[in-house]
Structure formats: structure tokens, C-alpha cells
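Chemist: input.txt is the file, holding compact mmCIF, C-alpha atoms:
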# COMPACT_ATOMS: atom_id res chain seq x y z
CA MET I 1 17.15 -9.70 -6.96
CA SER I 2 16.46 -13.21 -5.67
CA GLU I 3 12.93 -14.48 -5.36
CA THR I 4 13.18 -14.64 -1.62
CA ALA I 5 14.39 -11.05 -1.25
CA VAL I 6 13.52 -10.01 2.27
CA VAL I 7 13.00 -6.33 2.67
CA ARG I 8 14.35 -4.91 5.87
CA PRO I 9 12.82 -1.73 7.24
CA ALA I 10 15.07 1.24 6.61
CA ALA I 11 16.81 2.77 9.60
CA THR I 12 15.20 6.14 8.90
CA GLU I 13 11.83 4.56 9.48
CA ARG I 14 12.44 3.99 13.16
CA VAL I 15 10.73 6.57 15.26
CA GLY I 16 13.11 8.62 17.35
CA GLN I 17 12.47 11.14 20.09
CA ALA I 18 11.75 13.82 17.49
CA ALA I 19 8.54 13.95 15.46
CA PRO I 20 7.96 10.78 13.43
CA ASN I 21 8.86 10.98 9.77
CA TRP I 22 5.21 10.91 8.65
CA VAL I 23 4.47 14.07 10.69
CA ILE I 24 7.15 16.09 8.89
CA MET I 25 6.20 14.65 5.50
CA GLY I 26 2.48 15.19 6.13
CA VAL I 27 2.94 18.86 7.06
CA LEU I 28 5.18 19.44 4.01
CA PHE I 29 2.81 17.62 1.64
CA GLY I 30 -0.16 19.58 3.03
CA LEU I 31 1.68 22.85 2.37
CA LEU I 32 2.66 21.63 -1.11
CA GLY I 33 -0.96 20.75 -1.94
CA ALA I 34 -2.16 24.21 -0.88
CA ALA I 35 0.67 25.82 -2.89
CA ALA I 36 -0.31 23.80 -5.97
CA ILE I 37 -3.90 25.07 -5.73
CA ALA I 38 -2.54 28.63 -5.54
CA LEU I 39 -0.13 28.12 -8.48
CA PHE I 40 -2.11 26.09 -11.03
CA GLY I 41 -4.71 23.79 -9.47
CA PRO I 42 -5.19 20.76 -7.22
CA ILE I 43 -2.62 17.96 -7.49
CA GLY I 44 -3.86 15.12 -9.67
CA VAL I 45 -2.14 12.24 -11.43
CA SER I 46 -4.51 9.79 -13.09
CA THR I 47 -5.88 11.99 -15.92
CA THR I 48 -2.38 12.02 -17.40
CA TYR I 49 -2.76 8.33 -18.32
CA PRO I 50 -5.64 8.82 -20.81
CA ARG I 51 -3.97 12.03 -22.06
CA PHE I 52 -0.88 9.93 -22.77
CA ILE I 53 -3.06 7.39 -24.60
CA GLY I 54 -4.59 10.29 -26.55
CA GLY I 55 -1.12 11.50 -27.52
CA LEU I 56 -0.14 8.01 -28.70
CA MET I 57 -3.39 7.50 -30.62
CA LYS I 58 -2.96 10.83 -32.39
CA LEU I 59 0.28 9.45 -33.81
CA LEU I 60 -0.87 5.90 -34.48
CA ALA I 61 -4.60 6.20 -35.22
CA PRO I 62 -5.50 9.87 -35.70
CA GLY I 63 -9.01 9.02 -36.93
CA ALA I 64 -9.90 7.03 -33.81
CA ALA I 65 -8.30 9.67 -31.57
CA ALA I 66 -10.37 12.47 -33.10
CA THR I 67 -13.71 10.70 -32.63
CA ASN I 68 -13.21 9.29 -29.11
CA PRO I 69 -15.42 11.27 -26.70
CA TYR I 70 -13.29 10.53 -23.64
CA LEU I 71 -10.03 11.69 -25.24
CA ALA I 72 -11.77 14.91 -26.24
CA LYS I 73 -12.95 15.34 -22.64
CA VAL I 74 -9.49 14.93 -21.01
CA GLY I 75 -7.69 17.11 -23.59
CA GLY I 76 -4.04 17.23 -24.63
CA LEU I 77 -0.80 16.58 -22.78
CA LEU I 78 0.41 20.18 -22.52
CA LYS I 79 -0.77 20.60 -18.91
CA PRO I 80 0.87 21.20 -15.51
CA GLU I 81 -0.36 17.74 -14.43
CA THR I 82 1.71 16.06 -17.15
CA MET I 83 4.80 17.87 -15.90
CA LEU I 84 3.85 16.84 -12.35
CA VAL I 85 3.91 13.16 -13.33
CA ILE I 86 7.33 13.59 -14.94
CA GLY I 87 8.37 15.33 -11.73
CA LEU I 88 7.23 12.33 -9.65
CA PHE I 89 9.66 10.10 -11.55
CA VAL I 90 12.51 12.59 -11.07
CA GLY I 91 11.59 13.05 -7.40
CA GLY I 92 11.63 9.30 -6.77
CA TYR I 93 15.07 9.05 -8.36
CA LEU I 94 16.44 12.07 -6.48
CA ALA I 95 15.08 10.94 -3.11
CA ARG I 96 16.81 7.58 -3.45
CA ARG I 97 20.12 9.09 -4.54
CA LEU I 98 20.05 11.85 -1.91
CA SER I 99 19.45 9.29 0.83
CA GLY I 100 22.66 7.57 -0.20
CA GLN I 101 20.91 4.47 -1.53
CA ARG I 102 22.91 3.50 -4.57
CA LYS I 103 21.14 0.30 -5.53
CA ALA I 104 17.52 0.11 -6.64
CA PRO I 105 15.19 -1.23 -3.94
CA ALA I 106 14.62 -4.98 -3.98
CA ILE I 107 11.34 -6.25 -5.37
CA GLU I 108 8.93 -6.48 -2.47
CA HIS I 109 6.69 -9.51 -2.37
CA VAL I 110 3.55 -8.27 -0.64
CA HIS I 111 1.29 -11.35 -0.72
CA ALA I 112 2.01 -14.99 0.20
CA GLU I 113 1.07 -16.16 -3.27
CA GLU I 114 3.80 -14.00 -4.80
CA THR I 115 6.26 -16.90 -4.65
CA SER I 116 8.12 -15.80 -7.78
CA VAL I 117 9.13 -12.51 -9.33
CA GLY I 118 6.73 -13.30 -12.17
CA ARG I 119 3.78 -13.56 -9.79
CA ARG I 120 4.76 -10.23 -8.24
CA TYR I 121 4.92 -8.61 -11.67
CA LEU I 122 1.52 -10.09 -12.54
CA ASN I 123 -0.09 -8.64 -9.39
CA ALA I 124 1.62 -5.30 -9.99
CA PHE I 125 0.34 -5.27 -13.57
CA LEU I 126 -3.24 -6.25 -12.63
CA GLY I 127 -3.16 -3.75 -9.78
CA GLY I 128 -2.26 -1.09 -12.35
CA VAL I 129 -5.17 -2.08 -14.60
CA PHE I 130 -7.68 -1.85 -11.73
CA ILE I 131 -6.39 1.39 -10.16
CA LEU I 132 -6.46 3.27 -13.45
CA PHE I 133 -9.80 1.88 -14.61
CA GLY I 134 -11.29 2.67 -11.19
CA ALA I 135 -9.71 6.12 -11.02
CA ARG I 136 -10.97 7.07 -14.47
CA LEU I 137 -14.47 5.81 -13.68
CA ALA I 138 -14.49 7.84 -10.45
CA GLY I 139 -12.80 10.88 -12.02
CA GLY I 140 -9.68 10.90 -9.83
CA CYS I 141 -7.22 8.83 -7.82
CA THR I 142 -5.51 8.96 -4.45
CA SER I 143 -4.07 12.37 -5.35
CA GLY I 144 -6.98 14.02 -7.13
CA HIS I 145 -9.89 12.55 -5.18
CA ILE I 146 -8.52 11.68 -1.74
CA ILE I 147 -5.69 14.18 -1.05
CA SER I 148 -6.79 17.16 -3.19
CA GLY I 149 -10.50 16.32 -3.06
CA ILE I 150 -10.86 16.05 0.71
CA THR I 151 -8.48 19.01 1.13
CA GLN I 152 -11.14 20.97 -0.79
CA LEU I 153 -13.82 19.42 1.48
CA ALA I 154 -15.32 17.54 -1.49
CA LEU I 155 -17.89 14.85 -0.69
CA SER I 156 -16.83 13.03 -3.88
CA GLY I 157 -13.34 12.57 -2.42
CA MET I 158 -14.76 11.19 0.82
CA LEU I 159 -17.03 8.73 -1.02
CA PHE I 160 -14.11 7.59 -3.21
CA ALA I 161 -11.95 7.10 -0.11
CA VAL I 162 -14.63 4.88 1.46
CA GLY I 163 -14.57 2.65 -1.62
CA VAL I 164 -10.78 2.58 -1.89
CA PHE I 165 -10.05 1.79 1.75
CA GLY I 166 -13.06 -0.55 2.11
CA MET I 167 -12.06 -2.72 -0.81
CA GLY I 168 -8.30 -2.19 -0.29
CA ILE I 169 -8.46 -3.44 3.32
CA VAL I 170 -10.58 -6.47 2.33
CA THR I 171 -8.26 -7.35 -0.57
CA ALA I 172 -5.04 -6.95 1.43
CA ARG I 173 -6.45 -9.06 4.27
CA LEU I 174 -7.88 -11.83 2.10
CA MET I 175 -4.48 -12.21 0.41
CA LYS I 176 -2.19 -13.26 3.22
CA GLY I 177 1.12 -11.59 3.87
CA GLY I 178 4.25 -12.56 1.99
CA HIS I 179 7.66 -11.01 2.64
CA MET N 1 4.94 29.09 -16.31
CA THR N 2 2.30 26.77 -14.87
CA LEU N 3 4.10 23.90 -16.62
CA LEU N 4 7.22 24.72 -14.64
CA TYR N 5 5.21 24.91 -11.42
CA GLY N 6 3.74 21.51 -12.25
CA LEU N 7 7.20 20.02 -12.68
CA LEU N 8 8.46 21.58 -9.45
CA VAL N 9 5.44 20.38 -7.44
CA GLY N 10 5.88 16.91 -8.96
CA VAL N 11 9.56 16.67 -8.01
CA ILE N 12 8.90 17.75 -4.41
CA MET N 13 5.88 15.43 -4.16
CA GLY N 14 7.99 12.54 -5.50
CA VAL N 15 10.68 13.18 -2.89
CA LEU N 16 8.10 13.37 -0.06
CA LEU N 17 6.28 10.19 -1.15
CA GLN N 18 9.57 8.29 -1.39
CA ARG N 19 10.75 9.60 2.01
CA VAL N 20 7.54 8.61 3.77
CA ARG N 21 7.79 5.21 2.01
CA ALA N 22 4.46 5.57 0.23
CA SER N 23 6.20 4.30 -2.92
CA SER N 24 6.84 0.96 -1.19
CA PRO N 25 4.03 -1.47 -2.09
CA LEU N 26 4.84 -3.52 1.01
CA MET N 27 4.35 -0.41 3.18
CA ILE N 28 0.99 0.28 1.49
CA VAL N 29 -0.27 -3.28 1.96
CA ARG N 30 0.90 -3.29 5.60
CA ASN N 31 -1.12 -0.14 6.16
CA LEU N 32 -4.18 -1.80 4.61
CA ARG N 33 -3.60 -4.74 6.99
CA PHE N 34 -3.21 -2.29 9.93
CA GLU N 35 0.26 -3.68 10.65
CA ASN N 36 1.63 -0.17 10.23
CA LEU N 37 -0.42 3.02 10.14
CA SER N 38 2.15 5.61 9.11
CA ILE N 39 0.83 6.14 5.56
CA ILE N 40 -2.78 6.45 6.76
CA LYS N 41 -1.69 9.03 9.36
CA PHE N 42 0.46 10.80 6.77
CA MET N 43 -2.51 11.14 4.40
CA ALA N 44 -4.85 12.35 7.14
CA LEU N 45 -2.34 14.95 8.33
CA THR N 46 -1.64 16.10 4.75
CA ILE N 47 -5.36 16.72 4.23
CA ALA N 48 -5.77 18.48 7.60
CA VAL N 49 -2.85 20.85 6.96
CA GLY N 50 -3.71 21.36 3.29
CA ALA N 51 -7.38 22.20 3.93
CA VAL N 52 -6.73 24.79 6.64
CA VAL N 53 -3.83 26.42 4.79
CA ALA N 54 -5.59 26.47 1.39
CA TYR N 55 -8.75 28.13 2.72
CA ALA N 56 -6.81 30.46 5.04
CA ILE N 57 -4.60 31.80 2.22
CA SER N 58 -7.62 31.99 -0.13
CA PHE N 59 -8.45 35.32 1.55
CA VAL N 60 -5.24 36.87 0.20
CA VAL N 61 -4.21 34.68 -2.75
CA PRO N 62 -6.44 33.85 -5.76
CA MET N 63 -6.89 30.07 -5.64
CA HIS N 64 -7.58 27.56 -8.42
CA PHE N 65 -9.99 25.33 -6.48
CA ASP N 66 -11.53 22.55 -8.56
CA VAL N 67 -14.05 20.33 -6.76
CA LYS N 68 -15.06 17.08 -8.45
CA PRO N 69 -18.76 16.14 -8.76
CA VAL N 70 -20.38 13.35 -6.71
CA TYR N 71 -21.88 10.86 -9.18
CA VAL N 72 -22.54 8.17 -6.61
CA LEU N 73 -22.37 5.03 -8.79
CA GLY N 74 -19.18 5.93 -10.66
CA VAL N 75 -17.32 7.48 -7.72
CA LEU N 76 -18.09 4.66 -5.28
CA GLY N 77 -17.82 1.91 -7.92
CA GLY N 78 -14.56 3.37 -9.20
CA GLY N 79 -13.30 3.54 -5.62
CA LEU N 80 -14.08 -0.14 -5.06
CA ILE N 81 -12.31 -1.18 -8.28
CA PHE N 82 -9.39 1.08 -7.35
CA GLY N 83 -9.29 -0.50 -3.87
CA LEU N 84 -9.01 -3.96 -5.41
CA GLY N 85 -5.99 -2.88 -7.45
CA PHE N 86 -4.53 -0.96 -4.50
CA GLY N 87 -4.70 -4.03 -2.23
CA LEU N 88 -3.44 -6.34 -4.97
CA GLY N 89 -0.48 -4.36 -6.26
CA GLY N 90 0.23 -1.87 -3.46
CA TYR N 91 0.65 1.07 -5.82
CA CYS N 92 -1.36 4.19 -6.73
CA PRO N 93 -1.23 5.90 -10.13
CA GLY N 94 1.30 8.37 -8.64
CA THR N 95 3.34 6.17 -6.30
CA CYS N 96 4.12 3.70 -9.12
CA VAL N 97 5.76 6.57 -11.03
CA VAL N 98 7.77 7.52 -7.92
CA GLY N 99 8.66 3.83 -7.45
CA ALA N 100 9.76 3.58 -11.08
CA GLY N 101 12.01 6.62 -10.56
CA GLU N 102 13.49 4.85 -7.55
CA GLY N 103 14.22 1.86 -9.75
CA ARG N 104 11.52 -0.51 -8.52
CA LYS N 105 11.00 -2.97 -11.37
CA ASP N 106 7.46 -3.97 -10.38
CA ALA N 107 6.42 -0.29 -10.55
CA PHE N 108 6.99 -0.34 -14.31
CA PHE N 109 4.51 -3.23 -14.55
CA THR N 110 1.94 -1.17 -12.62
CA ILE N 111 2.46 1.79 -14.99
CA LEU N 112 2.01 -0.57 -17.95
CA GLY N 113 -1.14 -2.03 -16.36
CA GLY N 114 -2.34 1.50 -15.70
CA ILE N 115 -1.99 2.44 -19.35
CA VAL N 116 -4.00 -0.69 -20.26
CA GLY N 117 -6.68 0.12 -17.64
CA ALA N 118 -6.96 3.72 -18.85
CA LEU N 119 -7.11 2.52 -22.47
CA VAL N 120 -9.95 0.10 -21.66
CA PHE N 121 -11.82 2.91 -19.90
CA THR N 122 -11.25 5.24 -22.87
CA LEU N 123 -12.81 2.64 -25.17
CA VAL N 124 -15.85 1.82 -22.96
CA TYR N 125 -16.53 5.39 -21.73
CA GLY N 126 -19.22 5.93 -24.36
CA TRP N 127 -21.51 3.24 -22.98
CA LEU N 128 -20.52 3.46 -19.29
CA GLU N 129 -21.23 7.19 -19.13
CA PRO N 130 -25.06 6.96 -19.33
CA ILE N 131 -25.12 4.05 -16.80
CA LEU N 132 -22.58 5.01 -14.12
CA ILE N 133 -21.58 8.66 -14.60
CA ALA N 134 -24.66 10.61 -15.73
CA PRO N 135 -27.22 9.27 -13.19
CA MET N 136 -27.26 10.19 -9.49
CA ASN N 137 -24.92 13.12 -10.07
CA TYR N 138 -25.34 15.53 -7.18
CA GLY N 139 -22.76 17.99 -8.48
CA LYS N 140 -19.79 19.58 -6.74
CA LEU N 141 -20.90 19.14 -3.14
CA THR N 142 -18.57 20.13 -0.31
CA LEU N 143 -18.67 19.68 3.45
CA ALA N 144 -18.94 23.48 3.79
CA GLY N 145 -21.97 23.63 1.50
CA VAL N 146 -23.77 20.70 3.11
CA LEU N 147 -23.18 21.95 6.68
CA HIS N 148 -23.84 25.61 5.76
CA LEU N 149 -20.46 26.65 7.15
CA SER N 150 -17.85 28.96 5.71
CA ALA N 151 -15.11 26.97 3.94
CA LEU N 152 -12.42 27.93 6.46
CA VAL N 153 -14.58 26.90 9.43
CA ALA N 154 -15.42 23.59 7.72
CA ALA N 155 -11.70 23.06 7.00
CA VAL N 156 -10.84 23.63 10.67
CA VAL N 157 -13.58 21.19 11.75
CA LEU N 158 -12.26 18.58 9.30
CA ALA N 159 -8.68 19.13 10.47
CA VAL N 160 -9.64 18.76 14.13
CA VAL N 161 -11.51 15.51 13.41
CA PHE N 162 -8.64 14.08 11.32
CA ILE N 163 -5.97 15.01 13.87
CA GLY N 164 -8.20 13.58 16.62
CA VAL N 165 -8.41 10.28 14.71
CA ILE N 166 -4.62 10.26 14.23
CA ALA N 167 -4.17 10.83 17.97
CA VAL N 168 -6.34 7.87 18.97
CA LEU N 169 -4.87 5.46 16.40
CA PRO N 170 -2.34 3.03 17.90
CA ARG N 171 1.36 3.80 17.34
CA ARG N 172 2.09 0.78 15.20
CA GLU N 173 4.87 2.50 13.31
CA ALA N 174 6.84 2.84 16.56
CA GLU N 175 7.22 -0.93 16.69
CA GLY N 176 10.37 -0.72 14.61
CA GLU N 177 8.46 -1.32 11.42
Can you present the structure in this file as C-alpha cells?

Modeler:
Amino acid sequence: MSETAVVRPAATERVGQAAPNWVIMGVLFGLLGAAAIALFGPIGVSTTYPRFIGGLMKLLAPGAAATNPYLAKVGGLLKPETMLVIGLFVGGYLARRLSGQRKAPAIEHVHAEETSVGRRYLNAFLGGVFILFGARLAGGCTSGHIISGITQLALSGMLFAVGVFGMGIVTARLMKGGH
Amino acid sequence: MTLLYGLLVGVIMGVLLQRVRASSPLMIVRNLRFENLSIIKFMALTIAVGAVVAYAISFVVPMHFDVKPVYVLGVLGGGLIFGLGFGLGGYCPGTCVVGAGEGRKDAFFTILGGIVGALVFTLVYGWLEPILIAPMNYGKLTLAGVLHLSALVAAVVLAVVFIGVIAVLPRREAEGE
């Protein structure tokens, strides 16, 4: 896990004569999203974060938890979405193990200024703060607003996507490439 | 039973996101820099397939559709703030959990940051709500409603447009990246 860890593209990423990987994955994910709507509801991830905070506050500060209007709005943790987030962790683990990768992936330095592991962790942390604050303000994230939202033809999902990609592209371009 | 479905959908989604490399922050940032377009194409195709299939099967299967309202200031403002974090860290609220499952150490920092961001929002919701969420709320608008089309027809139109865009995008991901 050196600071200069160079991440080589995986062999599976190379496009062969068959359909590119993203085509297969896109078709499967589209079918999965439709199945989720049939089974319990559209896929969504970011509401689980405030529900988790609500669960913690109930234990640590029950008074504050009971009077917070936002925690009342998002409700408790006993929801399919909570299980979905747990599933994402398990799925990430399984996918790595099933592909024969035994070691954890190296830390990827994505911007030139990420000259140390600490700087990478700082950007990852700040990125987390912004994506969750933004997602909660908008009422959904990449899953709930963009994938599930636009799948359901929602204008809110399209507007959110404009903001995300507009600012995401500007931010990624202003911060020069690392790696 | 729905809890079990949620877990199952999550596991499959986690595997798919890892396999398409959406849980790699470098892959995300390269897509935002247009050095590789595979994740953008993956998302567009997912939506195209999902929309047509969901509205097609809605004629025979009861569906739990749940459209989110368009409150312009909060949805666009939240998108811009999200985009800043997306470009900075290269993770989404879901892909950081997949990345953590894979063993990516920086993904744990994004989850931690996400808990902090959600906590801050939880605490300021009371005074942000009347400024950014309540005003300019046009409700649960959809493309089908605005264009006065049936949902399945609108889904097909959307799918054709998205697949058309994918087809004209350059094949950056074929460059061995």
C-alpha cells in the first residue's frame, strides 16, 4: 500500500470481440432495477444514512431523536433499503473473491494533489460529506434519483443528474489527474 | 419478506457495480474527465432497459413505483453539492459501501464522511426546508405526464434516445483502459 501505488487496469476490462462488460452489466442492472420495483420499491441507498443516524441517536440521545423532524420523516431502519445497503457490502466482497482477487484493491489516487495516502483519505472523507449532504437535500442519490428516478421517467431525477454531472465534470477537470 | 428481497437485490447490485468497476473511484473520475466512458454508458443502458421493462411488466405485475417530487432549488442545489463530492472523492453513497466490501480503505473514509454529511443535514433540515425544499415544488412530474404520453411509450422514447447517445459516444473504453 505504498503512496505511489499505480493501479493497472484489470484484464477483464479490455474489450473483446464479445459485448463490452458494461453492456452485460447495464442490461442486468436494468432488469434488477425493474425487479426491485416489482418486489418492494425503487432501489435507493442514501436514506439509509440518516436512518442509521436515527438509530444511533435513539440509543445515545433519545430525547433529541424523538424531536428531530427529519428523523421522523425518514423513519426507522427496518426497511428493505437498509438490507440493500448491507447487501452492497456483501456483494462487493463476493465479487472480489469470486473474481479470484485475493488482496484488497490498492488505494487509488485520483487527483494530482493526492500525493499521500492521508490526502486521499481526506478527499474521500470530504467527498462523503458532500455526496450525502447533497443527496439528502435533493431527496436521493445516484441510485434513487438518477438510476431509479429516470427509470421511472421522473423529471426530478433528470434535474439532479444535470447538477451531479455538471459539477462532477467541472470538479474532476479542475483537479488534475493523479495516478 | 421484502427485507429478504432488499438483501438479495443489494448483493446482486454490489456484484454488478464491482464488476463494471463503478466502485473504483479512479474509474469514476476518469469518466467525469471523459477519459473513459464505460460507467456513463453503463448507467444510460441500465436506465433504458429498466424503464422499458418496468413499464412493460406493469401491465401484468403490480409495481411499487415511487416518483420523487421536483423541488427545483433543493434538487438542483443538492445535485451540485453531490457533484462536488463525486468529483472530489470518486464515490457515491452506494459505491463506497461496495468499495468497502471489496476492502478499499478510502471507501471507509467516504462512508464516515457520508454519516457526517447526513448528520449535518439532519440537524439543519428544520431551517433549510422552508428555503430550499418547500418553495418551487412542482410535485411528482414525469416525462410521460409532461409529454401527455402513456408511460410505456415515454419509456421507449427515453430508451431510444439514451441508446442513441451511447451509440454516438466515442469508444474510449476500447483503448485498453

Chemist: So that I can check the surroundings of Val49 of chain N, please list as a ChimeraX atom specification every protein, DNA and RNA residue that reaches within 10 Å of it, counting all atoms listed in the file and ignoring chain neighbours fewer than 2 positions away.

Modeler: /I:26-34,151 /N:44-47,51-54,155-156,158-159,162-163

Chemist: Using only C-alpha atoms, find the one residue out of N:Val157, N:Leu88, N:Met1, N:Val165 that sits nearest to chain I.

Modeler: N:Leu88

Chemist: Rounded to one decimal place, report the atom CA of Leu4 of chain N-atom CA of Gly87 of chain I distance in Å.

Modeler: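 Atom CA of Gly87 of chain I lies 9.9 Å from atom CA of Leu4 of chain N.
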
Chemist: List every residue of segment 104-132 of chain I that has an atom at most 7 Å from any atom of segment 95-117 of chain N, and for each one report the closest atom pair and its distance in Å to one decimal, counting only C-alpha atoms, with rows sorted by chain and then by increasing residue number, as JSON lines.

Modeler:
{"residue": "I:Ala104", "atom": "CA", "partner": "N:Gly103", "partner_atom": "CA", "distance": 4.9}
{"residue": "I:Pro105", "atom": "CA", "partner": "N:Arg104", "partner_atom": "CA", "distance": 5.9}
{"residue": "I:Ile107", "atom": "CA", "partner": "N:Arg104", "partner_atom": "CA", "distance": 6.5}
{"residue": "I:Tyr121", "atom": "CA", "partner": "N:Asp106", "partner_atom": "CA", "distance": 5.4}
{"residue": "I:Ala124", "atom": "CA", "partner": "N:Thr110", "partner_atom": "CA", "distance": 4.9}
{"residue": "I:Phe125", "atom": "CA", "partner": "N:Thr110", "partner_atom": "CA", "distance": 4.5}
{"residue": "I:Leu126", "atom": "CA", "partner": "N:Gly113", "partner_atom": "CA", "distance": 6.0}
{"residue": "I:Gly127", "atom": "CA", "partner": "N:Thr110", "partner_atom": "CA", "distance": 6.4}
{"residue": "I:Gly128", "atom": "CA", "partner": "N:Thr110", "partner_atom": "CA", "distance": 4.2}
{"residue": "I:Val129", "atom": "CA", "partner": "N:Gly117", "partner_atom": "CA", "distance": 4.0}
{"residue": "I:Phe130", "atom": "CA", "partner": "N:Gly117", "partner_atom": "CA", "distance": 6.3}
{"residue": "I:Ile131", "atom": "CA", "partner": "N:Gly114", "partner_atom": "CA", "distance": 6.9}
{"residue": "I:Leu132", "atom": "CA", "partner": "N:Gly114", "partner_atom": "CA", "distance": 5.0}

Chemist: Can you pull out every residue within 6 Å of Ala144 of chain N, counting only C-alpha atoms, but drop anything in the same chain fewer than 6 positions away, and send it as a PDB file with C-alpha atoms, keeping the file's coordinate frame?

Modeler:
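Result saved to selection.pdb:
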ATOM      1  CA  SER N 150     -17.850  28.960   5.710  1.00  0.00           C
ATOM      2  CA  ALA N 151     -15.110  26.970   3.940  1.00  0.00           C
ATOM      3  CA  ALA N 154     -15.420  23.590   7.720  1.00  0.00           C
TER       4      ALA N 154
END
